[in-house]
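A.B. asks: Handing you a structure now.
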Amino acid sequence: IKYAQLVKSHVELMCHEYLKNEMSILESKTLDNLIRYLLNSETKEDIEYSVRYGRMLGFHLDTDVSRVSYLIEIDVGVESKIEEEHIPDRVAWQFFQNNIMEVLKYYLIDNNEDLLAMLSLDQFILIKALQKDEPQELFTKRVEYNLNRLIRYLNNEYNYKINVSVGSLEKGPMGIKKSYQGALKALNAG
């Protein structure tokens with residue numbers, strides 16, 4: 001009977017872990033969709049849809065909060081792996097993405113209005129919200145400090161090379177898009 005209880009407890013634990021993992025993936029995909037809607041908005045209706053969608057997820061994109069976009073590109077050496085024909089399978093990539101998202105959240109998310117999403121296999125966007133009572137200079141130094149800690153960790157732990165570009169500090173949902181475009185130009189310029 002004790003063995004059966006042990007097996008039952010282990011199976012329950014595995015089910016809880018699986019459910020937690022699935023919820024995390026679903027939450028991440030939902031946030032990815034919000035960011036894509038927002039960054040690809042062309043009309044006023046598109047922006048309003050993105051704001052409503054964001055509100056459903058608990059984000060107040062239409063408020064007078066200043067935000068800045070950071071593009072984080074992580075070079076994991078995919079090209080060399082493809083050349084060697086060791087193309088990682090889908091499960092490995094999913095694990096990599098989930099692991100990296102957790103690391104990024106740990107180092108960079110400190111405000112419930114911060115947004116973090118994956119744009120591509122190796123590119124992530126962080127949209128940081130400036131707290132109303134925080135001076136911009138202090139905000140910038142705090143984010144830079146956390147980014148440097150993240151870069152050191154990923155470089156030391158996994159030997160990943162990281163490129164980060166920063167957009168301008170802007171207000172409102174259109175400001176997020178403008179900040180993203182500035183960060184994208186900076187990333188492309190090197």
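Note on naming: chains are A, B, ... as they come in the structure tokens, residues start from 1 per chain, ligands start from 1 in the order shown.
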How would you write, as a ChimeraX atom specification, the set of residues in chain A that DSSP gives as alpha helix (DSSP H)?
C.D. replies: /A:2-39,44-56,78-83,90-108,136-158,172-189
A.B. asks: Would you mind listing what lies within 8 Å of stretch 135-146 of chain A as a count of residues only, with only C-alpha atoms counted and same-chain residues fewer than 5 positions away left out?
C.D. replies: 3
A.B. asks: Quick one: pick out all strand (DSSP E or B) residues within stretch 69-167 of chain A from a backbone DSSP run and write them as a list in words.
C.D. replies: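 After running DSSP on the backbone, stretch 69-167 of chain A has strand (DSSP E or B) at Ser69, Tyr70, Leu71, Ile72, Glu73, Ile74, Asp75, Leu115, Leu116, Ala117, Met118, Leu119, Ser120, Gln123, Phe124, Ile125, Leu126, Ile127, Lys128, Ala129, Lys161, Ile162, Asn163, Val164, Ser165 and Val166 of chain A.
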A.B. asks: Applying 8 Å and only C-alpha atoms, which residues near stretch 30-40 of chain A remain after dropping the ones on its own chain fewer than 5 positions away? List them as a short mmCIF file (atom, residue, chain, number, x, y, z; two decimals) with C-alpha atoms, in the first residue's frame.
C.D. replies:
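Output file around18.cif is given in full below:
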data_model
loop_
_atom_site.label_atom_id
_atom_site.label_comp_id
_atom_site.auth_asym_id
_atom_site.auth_seq_id
_atom_site.Cartn_x
_atom_site.Cartn_y
_atom_site.Cartn_z
CA ASP A 46 -5.46 47.59 -34.96
CA ILE A 47 -4.03 49.57 -32.05
CA SER A 50 -4.04 45.33 -29.31
CA TYR A 53 -6.14 42.25 -25.95
CA GLY A 54 -3.41 43.57 -23.64
CA LEU A 115 6.51 42.66 -21.56
CA LEU A 116 8.86 39.94 -22.77
CA ALA A 117 8.28 37.88 -25.89
CA MET A 118 10.12 35.79 -28.44
CA LEU A 119 10.26 37.27 -31.94
CA PRO A 173 0.91 51.87 -27.76
CA ILE A 176 6.03 50.95 -28.22
CA LYS A 177 6.07 50.38 -31.97
CA TYR A 180 10.82 48.82 -31.34
#
A.B. asks: Please measure the separation of atom CA of A:Arg152 and atom CA of A:Asn188, giving the value in Å to one decimal.
C.D. replies: 22.5 Å
A.B. asks: Taking only C-alpha atoms into account, name the residue in A:Gly167, A:Tyr160, A:Ile72, A:Asn99 that is nearest to A:Ser120.
C.D. replies: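 Smallest distance to A:Ser120 is found for A:Ile72.
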A.B. asks: Quick one: residues within 10 Å of A:Val65, only C-alpha atoms counted, chain neighbours fewer than 5 positions away excluded, as an NGL selection string?
C.D. replies: :A and (60 or 113 or 129-132 or 169-173 or 175)
A.B. asks: Mind dumping the selected residues with N, CA, C and O atoms as a CSV table (one decimal), in the first residue's frame?
C.D. replies:
chain,number,residue,atom,x,y,z
A,60,HIS,N,-1.7,47.4,-19.2
A,60,HIS,CA,-2.4,48.7,-19.5
A,60,HIS,C,-1.6,49.5,-20.5
A,60,HIS,O,-0.9,50.4,-20.2
A,113,GLU,N,4.1,45.6,-15.6
A,113,GLU,CA,3.8,46.2,-16.9
A,113,GLU,C,4.9,45.9,-17.9
A,113,GLU,O,4.8,46.3,-19.1
A,129,ALA,N,8.7,49.1,-18.8
A,129,ALA,CA,7.8,50.3,-18.4
A,129,ALA,C,8.6,51.1,-17.3
A,129,ALA,O,9.1,50.5,-16.3
A,130,LEU,N,8.7,52.4,-17.5
A,130,LEU,CA,9.3,53.3,-16.6
A,130,LEU,C,8.3,53.5,-15.4
A,130,LEU,O,7.1,54.0,-15.7
A,131,GLN,N,8.6,53.3,-14.2
A,131,GLN,CA,7.7,53.5,-13.1
A,131,GLN,C,7.6,55.0,-12.9
A,131,GLN,O,8.6,55.8,-13.1
A,132,LYS,N,6.4,55.5,-12.6
A,132,LYS,CA,6.1,57.0,-12.5
A,132,LYS,C,7.1,57.7,-11.6
A,132,LYS,O,7.5,58.8,-12.0
A,169,LEU,N,12.7,56.0,-25.5
A,169,LEU,CA,11.6,56.0,-24.4
A,169,LEU,C,10.4,56.7,-25.0
A,169,LEU,O,10.5,57.9,-25.4
A,170,GLU,N,9.3,56.0,-25.1
A,170,GLU,CA,8.1,56.5,-25.7
A,170,GLU,C,6.9,56.2,-24.9
A,170,GLU,O,6.9,55.4,-24.0
A,171,LYS,N,5.8,57.0,-25.1
A,171,LYS,CA,4.5,56.8,-24.4
A,171,LYS,C,3.4,56.2,-25.3
A,171,LYS,O,3.4,56.4,-26.5
A,172,GLY,N,2.6,55.4,-24.7
A,172,GLY,CA,1.4,54.9,-25.5
A,172,GLY,C,1.7,53.7,-26.3
A,172,GLY,O,2.9,53.3,-26.6
A,173,PRO,N,0.7,53.1,-26.9
A,173,PRO,CA,0.9,51.9,-27.8
A,173,PRO,C,1.7,52.2,-29.0
A,173,PRO,O,2.5,51.4,-29.5
A,175,GLY,N,3.9,54.4,-29.3
A,175,GLY,CA,5.3,54.6,-28.8
A,175,GLY,C,6.1,53.3,-28.7
A,175,GLY,O,7.3,53.3,-28.9
A.B. asks: Which residue out of A:Phe59, A:Ala186, A:Phe96, A:Ile125 has the minimum interatomic distance to A:Asn111 when only C-alpha atoms are used?
C.D. replies: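 Distance minimum relative to A:Asn111 lands on A:Phe59.
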A.B. asks: When you draw a straight line from atom CA of A:Met174 to atom CA of A:Ile151, how long is it in Å?
C.D. replies: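 For atom CA of A:Met174 relative to atom CA of A:Ile151, the distance reads 29.1 Å.
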A.B. asks: Contacts of stretch 147-149 of chain A at 12 Å or less, counting only C-alpha atoms, minus same-chain residues fewer than 5 places along, as a ChimeraX atom specification?
C.D. replies: /A:70-72,103-109,126,140-142,154-157,162-166
A.B. asks: In Å, with one decimal, what is the gap from atom CA of A:Leu187 to atom CA of A:Ser69?
C.D. replies: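 Result for atom CA of A:Leu187 versus atom CA of A:Ser69: 11.7 Å, one decimal.
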A.B. asks: Using only C-alpha atoms, find the one residue out of A:Ser41, A:Gln123, A:Gln181, A:Thr63 that sits nearest to A:Met101.
C.D. replies: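 Nearest candidate to A:Met101 out of A:Ser41, A:Gln123, A:Gln181, A:Thr63: A:Gln123.
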